[in-house]
Structures are given as structure tokens and as C-alpha cells.
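K.L.:
What follows is work.pdb, PDB, C-alpha atoms.
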ATOM      1  CA  MET A   1       0.000   0.000   0.000
ATOM      2  CA  ASN A   2       1.282   3.455  -0.850
ATOM      3  CA  GLN A   3       2.372   5.794   1.880
ATOM      4  CA  VAL A   4      -0.094   8.639   2.192
ATOM      5  CA  ARG A   5       0.924  11.756   4.071
ATOM      6  CA  ASP A   6      -1.637  14.433   3.324
ATOM      7  CA  TRP A   7      -4.315  13.245   5.732
ATOM      8  CA  THR A   8      -6.565  16.225   5.225
ATOM      9  CA  ALA A   9      -6.771  15.449   1.523
ATOM     10  CA  VAL A  10      -7.356  11.788   2.296
ATOM     11  CA  VAL A  11     -10.143  12.584   4.722
ATOM     12  CA  ASP A  12     -11.671  14.968   2.182
ATOM     13  CA  GLN A  13     -11.741  12.147  -0.353
ATOM     14  CA  ALA A  14     -13.233   9.809   2.215
ATOM     15  CA  LEU A  15     -15.914  12.343   3.092
ATOM     16  CA  GLU A  16     -16.672  12.613  -0.594
ATOM     17  CA  VAL A  17     -17.204   8.849  -0.698
ATOM     18  CA  ALA A  18     -19.575   9.142   2.264
ATOM     19  CA  GLU A  19     -21.377  12.144   0.788
ATOM     20  CA  GLY A  20     -25.025  11.477  -0.006
ATOM     21  CA  LYS A  21     -25.086   8.264   1.994
ATOM     22  CA  SER A  22     -26.810   7.749   5.293
ATOM     23  CA  ASP A  23     -24.769   8.462   8.431
ATOM     24  CA  ARG A  24     -24.744   4.768   9.202
ATOM     25  CA  ARG A  25     -23.521   3.776   5.728
ATOM     26  CA  GLY A  26     -21.053   6.674   5.592
ATOM     27  CA  ALA A  27     -19.521   5.770   8.911
ATOM     28  CA  GLU A  28     -19.427   2.117   7.953
ATOM     29  CA  LEU A  29     -17.610   2.889   4.705
ATOM     30  CA  LEU A  30     -15.010   4.947   6.499
ATOM     31  CA  GLY A  31     -14.691   2.572   9.403
ATOM     32  CA  VAL A  32     -15.460   5.231  12.010
ATOM     33  CA  SER A  33     -18.290   6.053  14.422
ATOM     34  CA  PHE A  34     -21.112   8.497  13.595
ATOM     35  CA  THR A  35     -19.538  10.870  16.095
ATOM     36  CA  THR A  36     -16.164  10.820  14.375
ATOM     37  CA  LEU A  37     -17.706  11.191  10.939
ATOM     38  CA  ASN A  38     -19.722  14.207  12.030
ATOM     39  CA  ARG A  39     -16.734  15.734  13.815
ATOM     40  CA  TRP A  40     -14.647  15.378  10.660
ATOM     41  CA  ARG A  41     -17.387  16.961   8.586
ATOM     42  CA  ALA A  42     -17.638  19.873  10.986
ATOM     43  CA  THR A  43     -13.864  20.276  11.153
ATOM     44  CA  ARG A  44     -13.474  20.346   7.421
ATOM     45  CA  ALA A  45     -16.485  22.633   7.009
ATOM     46  CA  ALA A  46     -14.680  25.030   9.329
ATOM     47  CA  GLY A  47     -11.570  24.765   7.139
ATOM     48  CA  GLU A  48      -9.500  23.130   9.855
ATOM     49  CA  ARG A  49      -7.114  20.225   9.497
ATOM     50  CA  ILE A  50      -7.858  16.742  10.799
ATOM     51  CA  PRO A  51      -5.319  15.008  13.049
ATOM     52  CA  GLU A  52      -3.503  12.051  11.565
ATOM     53  CA  PRO A  53      -5.673   8.964  12.121
ATOM     54  CA  ARG A  54      -4.284   5.718  13.470
ATOM     55  CA  GLY A  55      -4.941   1.987  13.381
ATOM     56  CA  ASP A  56      -7.897   0.587  11.470
ATOM     57  CA  VAL A  57      -9.209   4.023  10.552
ATOM     58  CA  ARG A  58      -5.895   4.927   8.979
ATOM     59  CA  GLU A  59      -5.899   1.673   7.023
ATOM     60  CA  THR A  60      -9.440   2.180   5.764
ATOM     61  CA  LEU A  61      -8.683   5.733   4.690
ATOM     62  CA  GLU A  62      -5.501   4.681   2.932
ATOM     63  CA  ARG A  63      -7.456   2.073   1.019
ATOM     64  CA  LEU A  64     -10.057   4.629  -0.033
ATOM     65  CA  ALA A  65      -7.345   7.082  -1.052
ATOM     66  CA  ASN A  66      -5.617   4.442  -3.128
ATOM     67  CA  GLN A  67      -8.893   3.573  -4.832
ATOM     68  CA  PHE A  68      -9.314   7.229  -5.730
ATOM     69  CA  ALA A  69      -5.772   7.443  -7.050
ATOM     70  CA  GLU A  70      -6.242   4.338  -9.112
ATOM     71  CA  ALA A  71      -9.562   5.507 -10.535
ATOM     72  CA  ALA A  72      -7.931   8.792 -11.531
ATOM     73  CA  ARG A  73      -4.963   7.036 -13.076
ATOM     74  CA  THR A  74      -6.913   4.569 -15.117
ATOM     75  CA  ALA A  75      -9.882   6.675 -16.132
ATOM     76  CA  GLU A  76      -9.809   7.268 -19.844
ATOM     77  CA  PRO A  77     -12.767   8.755 -21.664
ATOM     78  CA  ARG A  78     -12.187   6.658 -24.792
ATOM     79  CA  LEU A  79     -12.951   3.469 -22.927
ATOM     80  CA  ARG A  80     -16.222   4.871 -21.726
ATOM     81  CA  ASP A  81     -17.225   5.643 -25.292
ATOM     82  CA  THR A  82     -19.916   3.073 -26.027
ATOM     83  CA  SER A  83     -21.077   4.519 -29.338
ATOM     84  CA  TYR A  84     -19.904   1.376 -31.125
ATOM     85  CA  LEU A  85     -22.268  -0.827 -29.127
ATOM     86  CA  LYS A  86     -25.125  -2.309 -31.090
ATOM     87  CA  PRO A  87     -28.625  -1.682 -29.731
ATOM     88  CA  ARG A  88     -29.163  -4.818 -27.631
ATOM     89  CA  ALA A  89     -25.626  -4.691 -26.319
ATOM     90  CA  GLN A  90     -26.075  -1.037 -25.375
ATOM     91  CA  ASP A  91     -29.328  -1.919 -23.588
ATOM     92  CA  GLU A  92     -27.614  -4.709 -21.686
ATOM     93  CA  TYR A  93     -24.659  -2.480 -20.795
ATOM     94  CA  ASP A  94     -27.032   0.215 -19.492
ATOM     95  CA  ARG A  95     -29.090  -2.351 -17.591
ATOM     96  CA  LEU A  96     -26.031  -3.771 -15.873
ATOM     97  CA  LEU A  97     -24.643  -0.386 -14.857
ATOM     98  CA  GLY A  98     -28.080   0.609 -13.573
ATOM     99  CA  SER A  99     -28.253  -2.528 -11.468
ATOM    100  CA  TYR A 100     -24.822  -1.819  -9.957
ATOM    101  CA  VAL A 101     -25.884   1.692  -9.027
ATOM    102  CA  ARG A 102     -29.230   0.533  -7.607
ATOM    103  CA  ARG A 103     -27.455  -1.972  -5.430
ATOM    104  CA  GLY A 104     -25.428   0.801  -3.874
ATOM    105  CA  TRP A 105     -22.025   0.007  -5.331
ATOM    106  CA  PRO A 106     -19.671   2.957  -4.826
ATOM    107  CA  ALA A 107     -19.124   5.208  -7.822
ATOM    108  CA  GLU A 108     -15.523   4.127  -8.300
ATOM    109  CA  ILE A 109     -16.551   0.466  -8.383
ATOM    110  CA  VAL A 110     -19.300   1.149 -10.919
ATOM    111  CA  GLU A 111     -16.753   3.057 -12.978
ATOM    112  CA  ARG A 112     -14.335   0.169 -12.802
ATOM    113  CA  ALA A 113     -17.032  -2.342 -13.717
ATOM    114  CA  SER A 114     -18.043  -0.144 -16.648
ATOM    115  CA  ARG A 115     -14.479  -0.098 -17.887
ATOM    116  CA  GLU A 116     -14.196  -3.856 -17.502
ATOM    117  CA  LEU A 117     -17.371  -4.437 -19.499
ATOM    118  CA  VAL A 118     -16.037  -2.239 -22.272
ATOM    119  CA  GLN A 119     -12.701  -4.009 -22.269
ATOM    120  CA  ALA A 120     -14.457  -7.329 -22.639
ATOM    121  CA  ILE A 121     -16.313  -6.083 -25.692
ATOM    122  CA  THR A 122     -13.278  -4.534 -27.300
ATOM    123  CA  GLY A 123     -11.029  -7.476 -26.583
ATOM    124  CA  ALA A 124      -8.598  -4.902 -25.271
ATOM    125  CA  SER A 125      -7.018  -5.469 -21.949
ATOM    126  CA  THR A 126      -5.397  -2.206 -21.195
ATOM    127  CA  MET A 127      -5.900   1.491 -20.961
ATOM    128  CA  ARG A 128      -3.562   1.924 -23.894
ATOM    129  CA  GLY A 129      -4.974  -0.309 -26.543
ATOM    130  CA  GLN A 130      -7.282   0.425 -29.398
ATOM    131  CA  GLY A 131      -9.337  -2.700 -29.030
ATOM    132  CA  ALA A 132      -8.631  -5.373 -31.546
ATOM    133  CA  GLY A 133     -11.995  -6.240 -32.889
ATOM    134  CA  ARG A 134     -14.649  -4.032 -31.467
ATOM    135  CA  ALA A 135     -15.835  -2.748 -34.829
ATOM    136  CA  ASP A 136     -16.100  -6.275 -36.134
ATOM    137  CA  LEU A 137     -18.140  -7.904 -33.394
ATOM    138  CA  SER A 138     -21.687  -8.828 -34.202
ATOM    139  CA  GLU A 139     -24.471  -7.901 -31.815
ATOM    140  CA  GLU A 140     -24.573 -11.502 -30.592
ATOM    141  CA  ASP A 141     -20.842 -11.476 -29.904
ATOM    142  CA  GLN A 142     -21.041  -8.153 -28.094
ATOM    143  CA  LEU A 143     -23.755  -9.668 -25.897
ATOM    144  CA  LEU A 144     -21.609 -12.743 -25.350
ATOM    145  CA  ALA A 145     -18.696 -10.588 -24.210
ATOM    146  CA  ILE A 146     -20.831  -8.465 -21.908
ATOM    147  CA  GLY A 147     -22.421 -11.553 -20.396
ATOM    148  CA  GLY A 148     -19.082 -13.183 -19.645
ATOM    149  CA  ALA A 149     -17.595 -10.072 -18.118
ATOM    150  CA  ALA A 150     -20.772  -9.413 -16.132
ATOM    151  CA  ARG A 151     -20.542 -12.845 -14.506
ATOM    152  CA  ASP A 152     -16.968 -12.115 -13.426
ATOM    153  CA  ILE A 153     -17.935  -8.679 -12.178
ATOM    154  CA  GLU A 154     -20.685 -10.221 -10.059
ATOM    155  CA  GLU A 155     -18.233 -12.728  -8.692
ATOM    156  CA  GLU A 156     -15.648 -10.086  -7.869
ATOM    157  CA  TYR A 157     -17.764  -7.223  -6.563
ATOM    158  CA  ALA A 158     -21.313  -8.193  -5.567
ATOM    159  CA  ALA A 159     -20.646  -9.751  -2.190
ATOM    160  CA  ARG A 160     -18.408  -6.933  -1.085
ATOM    161  CA  TRP A 161     -20.203  -3.884  -2.425
ATOM    162  CA  THR A 162     -23.919  -4.612  -2.591
ATOM    163  CA  LYS A 163     -25.690  -2.443  -0.046
ATOM    164  CA  ARG A 164     -27.852  -4.451   2.300
TER     165      ARG A 164
ATOM    166  CA  MET B   1      16.373 -15.702 -31.570
ATOM    167  CA  ASP B   2      16.628 -12.454 -29.709
ATOM    168  CA  GLU B   3      19.056 -12.841 -26.805
ATOM    169  CA  ALA B   4      16.682 -11.384 -24.215
ATOM    170  CA  LEU B   5      13.897 -13.690 -25.314
ATOM    171  CA  ARG B   6      16.215 -16.688 -25.287
ATOM    172  CA  GLU B   7      17.255 -15.909 -21.723
ATOM    173  CA  LYS B   8      13.670 -15.493 -20.590
ATOM    174  CA  LEU B   9      12.695 -18.821 -22.127
ATOM    175  CA  LYS B  10      15.655 -20.596 -20.603
ATOM    176  CA  LYS B  11      14.812 -19.233 -17.166
ATOM    177  CA  LEU B  12      11.178 -20.224 -17.549
ATOM    178  CA  MET B  13      12.144 -23.752 -18.579
ATOM    179  CA  ALA B  14      14.492 -24.056 -15.627
ATOM    180  CA  TRP B  15      11.772 -22.819 -13.286
ATOM    181  CA  HIS B  16       8.834 -24.832 -14.616
ATOM    182  CA  ALA B  17       9.409 -28.490 -15.430
ATOM    183  CA  PRO B  18       6.330 -29.068 -17.662
ATOM    184  CA  LEU B  19       7.526 -26.278 -19.946
ATOM    185  CA  ARG B  20      10.898 -27.951 -20.115
ATOM    186  CA  ARG B  21       9.225 -31.171 -21.237
ATOM    187  CA  GLY B  22       6.927 -29.570 -23.801
ATOM    188  CA  ALA B  23       3.588 -30.887 -25.101
ATOM    189  CA  MET B  24       1.825 -28.993 -22.322
ATOM    190  CA  SER B  25      -1.849 -29.701 -21.750
ATOM    191  CA  PHE B  26      -4.560 -27.105 -21.143
ATOM    192  CA  ALA B  27      -4.476 -27.900 -17.417
ATOM    193  CA  GLN B  28      -0.693 -27.569 -17.276
ATOM    194  CA  LEU B  29      -0.813 -24.182 -18.982
ATOM    195  CA  ARG B  30      -3.506 -23.074 -16.547
ATOM    196  CA  ASN B  31      -1.324 -24.154 -13.641
ATOM    197  CA  LEU B  32       1.626 -22.253 -15.084
ATOM    198  CA  ALA B  33      -0.501 -19.112 -15.354
ATOM    199  CA  ARG B  34      -1.609 -19.485 -11.736
ATOM    200  CA  ARG B  35       1.950 -20.103 -10.600
ATOM    201  CA  ILE B  36       3.166 -16.928 -12.306
ATOM    202  CA  GLY B  37       0.303 -15.031 -10.685
ATOM    203  CA  GLU B  38       1.248 -16.355  -7.269
ATOM    204  CA  LEU B  39       4.723 -14.885  -7.680
ATOM    205  CA  ARG B  40       3.096 -11.444  -7.850
ATOM    206  CA  SER B  41       0.245 -12.177  -5.431
ATOM    207  CA  VAL B  42      -2.225 -12.002  -8.283
ATOM    208  CA  VAL B  43      -5.156 -14.368  -8.687
ATOM    209  CA  VAL B  44      -5.186 -15.694 -12.234
ATOM    210  CA  ARG B  45      -8.397 -17.279 -13.497
ATOM    211  CA  VAL B  46      -8.615 -19.218 -16.722
ATOM    212  CA  LYS B  47     -12.077 -19.480 -18.242
ATOM    213  CA  LEU B  48     -13.066 -21.677 -21.127
ATOM    214  CA  GLU B  49     -16.426 -20.552 -22.434
ATOM    215  CA  PRO B  50     -18.019 -19.186 -25.602
ATOM    216  CA  TRP B  51     -16.141 -15.976 -26.284
ATOM    217  CA  PRO B  52     -15.966 -13.678 -29.290
ATOM    218  CA  PHE B  53     -12.151 -13.717 -29.379
ATOM    219  CA  SER B  54      -9.891 -16.757 -29.447
ATOM    220  CA  GLY B  55      -8.253 -15.589 -26.217
ATOM    221  CA  THR B  56      -8.059 -12.423 -24.138
ATOM    222  CA  VAL B  57      -6.627 -11.260 -20.847
ATOM    223  CA  ALA B  58      -8.255  -8.616 -18.671
ATOM    224  CA  TRP B  59      -8.429  -7.427 -15.103
ATOM    225  CA  ILE B  60     -11.740  -7.995 -13.379
ATOM    226  CA  GLY B  61     -11.597  -6.672  -9.854
ATOM    227  CA  GLU B  62      -8.503  -8.124  -8.260
ATOM    228  CA  ALA B  63      -8.243 -11.053 -10.639
ATOM    229  CA  LEU B  64      -6.476 -11.425 -13.949
ATOM    230  CA  VAL B  65      -8.889 -13.326 -16.169
ATOM    231  CA  ILE B  66      -7.701 -15.276 -19.184
ATOM    232  CA  ARG B  67     -10.532 -16.332 -21.450
ATOM    233  CA  VAL B  68     -10.409 -18.858 -24.201
ATOM    234  CA  ASP B  69     -13.230 -19.474 -26.654
ATOM    235  CA  SER B  70     -14.673 -22.922 -25.948
ATOM    236  CA  ARG B  71     -16.040 -23.111 -29.490
ATOM    237  CA  LEU B  72     -12.522 -23.571 -30.868
ATOM    238  CA  SER B  73     -11.155 -27.038 -31.576
ATOM    239  CA  PRO B  74      -9.166 -28.518 -28.655
ATOM    240  CA  GLY B  75      -5.907 -27.818 -30.485
ATOM    241  CA  ASP B  76      -6.842 -24.214 -31.122
ATOM    242  CA  GLN B  77      -7.990 -23.810 -27.502
ATOM    243  CA  LEU B  78      -4.580 -25.009 -26.399
ATOM    244  CA  ASP B  79      -2.769 -22.608 -28.726
ATOM    245  CA  ALA B  80      -4.968 -19.711 -27.653
ATOM    246  CA  LEU B  81      -4.306 -20.377 -23.971
ATOM    247  CA  ALA B  82      -0.578 -20.881 -24.589
ATOM    248  CA  HIS B  83      -0.473 -17.548 -26.417
ATOM    249  CA  GLU B  84      -2.079 -15.675 -23.518
ATOM    250  CA  VAL B  85       0.038 -17.479 -20.938
ATOM    251  CA  GLY B  86       3.031 -16.595 -23.098
ATOM    252  CA  HIS B  87       2.300 -12.892 -22.692
ATOM    253  CA  LEU B  88       2.058 -13.451 -18.961
ATOM    254  CA  ALA B  89       5.181 -15.612 -18.720
ATOM    255  CA  LEU B  90       7.301 -13.294 -20.842
ATOM    256  CA  GLY B  91       6.542 -10.286 -18.677
ATOM    257  CA  HIS B  92       4.395  -8.363 -21.141
ATOM    258  CA  TYR B  93       2.054  -7.380 -18.344
ATOM    259  CA  ASN B  94       2.881  -5.121 -15.463
ATOM    260  CA  LEU B  95       1.149  -7.094 -12.746
ATOM    261  CA  ARG B  96       2.234  -4.815  -9.955
ATOM    262  CA  GLU B  97       0.446  -1.859 -11.532
ATOM    263  CA  ARG B  98      -2.472  -4.009 -12.672
ATOM    264  CA  GLU B  99      -1.705  -3.122 -16.237
ATOM    265  CA  VAL B 100      -2.166  -5.447 -19.124
ATOM    266  CA  TRP B 101      -0.272  -4.148 -22.071
ATOM    267  CA  TYR B 102      -1.969  -4.285 -25.353
ATOM    268  CA  LEU B 103      -0.160  -3.164 -28.448
ATOM    269  CA  GLN B 104      -1.879  -0.889 -30.898
ATOM    270  CA  ASP B 105      -0.399  -2.603 -33.901
ATOM    271  CA  ASN B 106      -1.519  -6.173 -33.682
ATOM    272  CA  GLY B 107      -0.050  -7.133 -37.041
ATOM    273  CA  PRO B 108       2.680  -9.597 -37.931
ATOM    274  CA  ASP B 109       5.448  -7.153 -37.045
ATOM    275  CA  ASP B 110       4.248  -6.796 -33.512
ATOM    276  CA  LEU B 111       7.148  -7.976 -31.394
ATOM    277  CA  TRP B 112       5.152  -9.089 -28.378
ATOM    278  CA  GLU B 113       2.695 -11.004 -30.454
ATOM    279  CA  GLN B 114       5.616 -12.753 -32.096
ATOM    280  CA  GLU B 115       7.154 -13.532 -28.721
ATOM    281  CA  ALA B 116       3.879 -14.989 -27.488
ATOM    282  CA  GLU B 117       3.782 -17.186 -30.589
ATOM    283  CA  VAL B 118       7.324 -18.353 -29.883
ATOM    284  CA  PHE B 119       6.112 -19.325 -26.429
ATOM    285  CA  VAL B 120       3.212 -21.267 -27.989
ATOM    286  CA  SER B 121       5.601 -23.255 -30.116
ATOM    287  CA  LEU B 122       7.847 -23.923 -27.131
ATOM    288  CA  ALA B 123       5.059 -24.956 -24.753
ATOM    289  CA  THR B 124       3.270 -27.198 -27.211
ATOM    290  CA  ARG B 125       6.278 -28.631 -29.030
ATOM    291  CA  SER B 126       6.908 -32.351 -29.314
ATOM    292  CA  PRO B 127       8.899 -33.629 -26.343
ATOM    293  CA  GLY B 128      12.642 -33.493 -26.870
ATOM    294  CA  SER B 129      12.433 -31.302 -29.950
ATOM    295  CA  ALA B 130      15.952 -30.938 -31.321
ATOM    296  CA  ALA B 131      15.023 -27.764 -33.180
ATOM    297  CA  TRP B 132      14.131 -26.089 -29.927
ATOM    298  CA  ALA B 133      17.270 -27.197 -28.135
ATOM    299  CA  ALA B 134      19.250 -25.757 -31.021
ATOM    300  CA  ALA B 135      17.280 -22.525 -31.110
ATOM    301  CA  LEU B 136      17.802 -21.968 -27.422
ATOM    302  CA  ASN B 137      21.499 -22.530 -27.898
ATOM    303  CA  ASP B 138      21.572 -20.255 -30.927
ATOM    304  CA  GLN B 139      22.793 -22.964 -33.225
ATOM    305  CA  LEU B 140      19.995 -22.500 -35.670
ATOM    306  CA  PRO B 141      17.709 -19.645 -36.668
ATOM    307  CA  LEU B 142      14.513 -19.789 -34.674
ATOM    308  CA  GLY B 143      12.072 -22.252 -36.103
ATOM    309  CA  ILE B 144       8.432 -22.037 -35.127
ATOM    310  CA  GLU B 145       7.716 -25.523 -36.338
ATOM    311  CA  ARG B 146       7.013 -28.130 -33.706
TER     312      ARG B 146
END
Take the structure in this file and express it as C-alpha cells.
P.N.:
Amino acid sequence: MNQVRDWTAVVDQALEVAEGKSDRRGAELLGVSFTTLNRWRATRAAGERIPEPRGDVRETLERLANQFAEAARTAEPRLRDTSYLKPRAQDEYDRLLGSYVRRGWPAEIVERASRELVQAITGASTMRGQGAGRADLSEEDQLLAIGGAARDIEEEYAARWTKR
Amino acid sequence: MDEALREKLKKLMAWHAPLRRGAMSFAQLRNLARRIGELRSVVVRVKLEPWPFSGTVAWIGEALVIRVDSRLSPGDQLDALAHEVGHLALGHYNLREREVWYLQDNGPDDLWEQEAEVFVSLATRSPGSAAWAAALNDQLPLGIER
């Protein structure tokens, strides 16, 4: 895990993750109590710095910060371009992303899943590639690719991220 | 054969006995992929199912997923898996950064694609192939034939 030193920035990112969620879910995500979460919010709202956290809280925040950094590093608009999807494949892609969002998966996980679906369809495996055959795939093959990737995505993410 | 490639192949053969013997099966190639993943603490999954490409590699969550199209003939399935494992074995992927390299030019001049094909011919060659022993010792130009 990377060393993270700017704890105020880290906490700001963590608060962003918790933004819009219930206090219970927000605190759970950050691994802190309601009291701590609300104190952090108040401290940051007042423009003050947050003391360096320790133990489990520090670990949770580091993980969140690393997820942010990774999402920023790997995000590439081209791979979110789905204009080449044929109608049924586009419908399936939209349906899957909608289901991830409805189940409460965090935005960065939905983003990652979206990218992974697109990679499956393009046959590309990297942020750098052009995608070997995406223009050539039939609608059936696009659906095949989405279906396969979707099964893996379920396997990898559902148990951990679905909001109960 | 390129010196760097020769060295990589020699090291791989020294490290992994089934590769040294050749004629690797689908299961043996899958085990090799997993073993390479373990070196980098990466879970490698190999999936054989209907797929629109002969073989692909992609990150899904924390796992590196190799897929091979189950509609191919058994021989082609084997070659497709060997090709993808070849990329993995020859260090074409940066596993630490969760990056899978994919070259823009996928044509015949693409070096990494050629290297992966060399790996296919090595992994699936007839046991005791003299041509391969010679190629690794630079006594003959590289032959892809098995």
C-alpha cells in the first residue's frame, strides 16, 4: 500500500465517498463512528485540518485514497465511449450499470465495472490499446462478451459492495 | 532468436518443469498461469467458455482473467491459452500496476505477439524437440515448427 501523508486530503476524499449516503452507511464505509464522521465533517467545514488517524481508521482511509488514485490514473474517456455498441448490447450495458448503481455500489466500483465491461467487448485489456476487434463484433458477440464479463464482475464485486 | 527472449525462455524452462518437457496440456498451462500469478500475489483465473475472441486477458476486480473461446477445436484452444500465458510468462504485463499491455499494432510485425507465438511453439512442441534445443542454444535460426 502506498504511503499517504496528506491526511486532510485523504479525509476529504473519504468524506466525498460518504457524501449522499446515510450516516450509518457513511460511517461504515469509512470505518469510524457516527460521532467521528460528524466531527470530521464539521472540522473540514470550518476549514481546519484533521489530526492524523491511526490503526484501522488509517488503514481504511488509505485504502479509499488508493482507490481514488487508481480511478484517476486509469480513467480514460475513450474506454467509456460506447457509441460502437449495437442496440441490444447497449441496452444490456445500461441495464447492468443501472443494477450496480441501484445496489449501492460505490461510484468508483461502478466506474471500474463499466471499464471492464467495455474491455471485454473490445477485446482490449489495457488502458492503452485500441481494441482489436470491437468494430467487427456482431451484436450476438457483443452480448456474449458483456455476459461473460458481467458474470466475473458479479463474482468479484457483488458480495463486497452490494448495499444491504 | 533475440538474446533477451532466449534468456527469458531458458529461465522459464528451468523454473517450470512441464515447460521444459513440452507438449503442455490445457491444465498444465492453466497451472503455469496461476503459478506466475502467485509470484506477484495475483489471482489468475482461466475461463473456457463461448467468447468472441480466441483468447483475451483482462483485469476484473482483483483477478487477472484469461478467457479462451470454448467453441474452438481442442488444439486451437490449447494454442490460444498458450499464447495468452506466453504474454504473462514473458513479462508483457505489469502485474504490480495491474496493467495489461496491449499493443496498438496487432499485425505480424508486432514484437510481443511474435514472442507470445514463440512461447506457444515452445510450450506445445513435441517432447525433446531438437530444433528447440538448437534454437535456445543459438545454433539455428529460430524455427516455429514443432
K.L.:
Write out as a PyMOL selection string which residues come within 7 Å of Ala123 of chain B when counting all atoms listed in the file, dropping same-chain ones fewer than 3 positions away.
P.N.:
chain B and resi 19+22-24+82+119-120
K.L.:
Could you tell me how far atom CA of Leu137 of chain A lies from atom CA of Thr56 of chain B, in Å and to one decimal?
P.N.:
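Spanning atom CA of Leu137 of chain A to atom CA of Thr56 of chain B is a straight-line distance of 14.4 Å.
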K.L.:
Taking the file as shown, what set of residues would the PyMOL selection byres ((chain A and resi 151) around 12) give back, as an MDAnalysis selection string?
P.N.:
(chainID A and resid 96 113 116:117 120 144:150 152:158) or (chainID B and resid 47 49 60:61 65)
K.L.:
Out of A:Thr36, A:Thr82, A:Thr162, A:Thr122, which residue has the shortest atom-to-atom distance to Pro53 of chain A when counting only C-alpha atoms?
P.N.:
A:Thr36
K.L.:
Could you check which of A:Ala159, A:Ala42, A:Ile109, A:Leu30 is closest to chain B, using all atoms listed in the file?
P.N.:
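So, comparing all the options, the nearest one is A:Ile109.
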K.L.:
Could you work out how far atom CA of Ser129 of chain B lies from atom CA of Val85 of chain B, giving the answer in Å with one decimal?
P.N.:
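Separation of atom CA of Val85 of chain B and atom CA of Ser129 of chain B: 20.6 Å.
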K.L.:
To one decimal place, how far is atom CA of Leu88 of chain B from atom CA of Ala131 of chain B in Å?
P.N.:
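Atom-to-atom, atom CA of Leu88 of chain B to atom CA of Ala131 of chain B, that is 24.0 Å.
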K.L.:
Just say which residues the PyMOL selection byres ((chain A and resi 89) around 10) picks in this file, as a ChimeraX atom specification.
P.N.:
/A:82,84-88,90-95,121,138-147
K.L.:
Would you output that residue set with C-alpha atoms, as a PDB file, in the coordinates of the input?
P.N.:
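Saved the output as result.pdb:
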ATOM      1  CA  THR A  82     -19.916   3.073 -26.027  1.00  0.00           C
ATOM      2  CA  TYR A  84     -19.904   1.376 -31.125  1.00  0.00           C
ATOM      3  CA  LEU A  85     -22.268  -0.827 -29.127  1.00  0.00           C
ATOM      4  CA  LYS A  86     -25.125  -2.309 -31.090  1.00  0.00           C
ATOM      5  CA  PRO A  87     -28.625  -1.682 -29.731  1.00  0.00           C
ATOM      6  CA  ARG A  88     -29.163  -4.818 -27.631  1.00  0.00           C
ATOM      7  CA  GLN A  90     -26.075  -1.037 -25.375  1.00  0.00           C
ATOM      8  CA  ASP A  91     -29.328  -1.919 -23.588  1.00  0.00           C
ATOM      9  CA  GLU A  92     -27.614  -4.709 -21.686  1.00  0.00           C
ATOM     10  CA  TYR A  93     -24.659  -2.480 -20.795  1.00  0.00           C
ATOM     11  CA  ASP A  94     -27.032   0.215 -19.492  1.00  0.00           C
ATOM     12  CA  ARG A  95     -29.090  -2.351 -17.591  1.00  0.00           C
ATOM     13  CA  ILE A 121     -16.313  -6.083 -25.692  1.00  0.00           C
ATOM     14  CA  SER A 138     -21.687  -8.828 -34.202  1.00  0.00           C
ATOM     15  CA  GLU A 139     -24.471  -7.901 -31.815  1.00  0.00           C
ATOM     16  CA  GLU A 140     -24.573 -11.502 -30.592  1.00  0.00           C
ATOM     17  CA  ASP A 141     -20.842 -11.476 -29.904  1.00  0.00           C
ATOM     18  CA  GLN A 142     -21.041  -8.153 -28.094  1.00  0.00           C
ATOM     19  CA  LEU A 143     -23.755  -9.668 -25.897  1.00  0.00           C
ATOM     20  CA  LEU A 144     -21.609 -12.743 -25.350  1.00  0.00           C
ATOM     21  CA  ALA A 145     -18.696 -10.588 -24.210  1.00  0.00           C
ATOM     22  CA  ILE A 146     -20.831  -8.465 -21.908  1.00  0.00           C
ATOM     23  CA  GLY A 147     -22.421 -11.553 -20.396  1.00  0.00           C
TER      24      GLY A 147
END
K.L.:
Restricting the calculation to all atoms listed in the file: of B:Tyr93, B:Leu122, B:Gln77, B:Ala135, which residue gets closest to chain A?
P.N.:
B:Tyr93
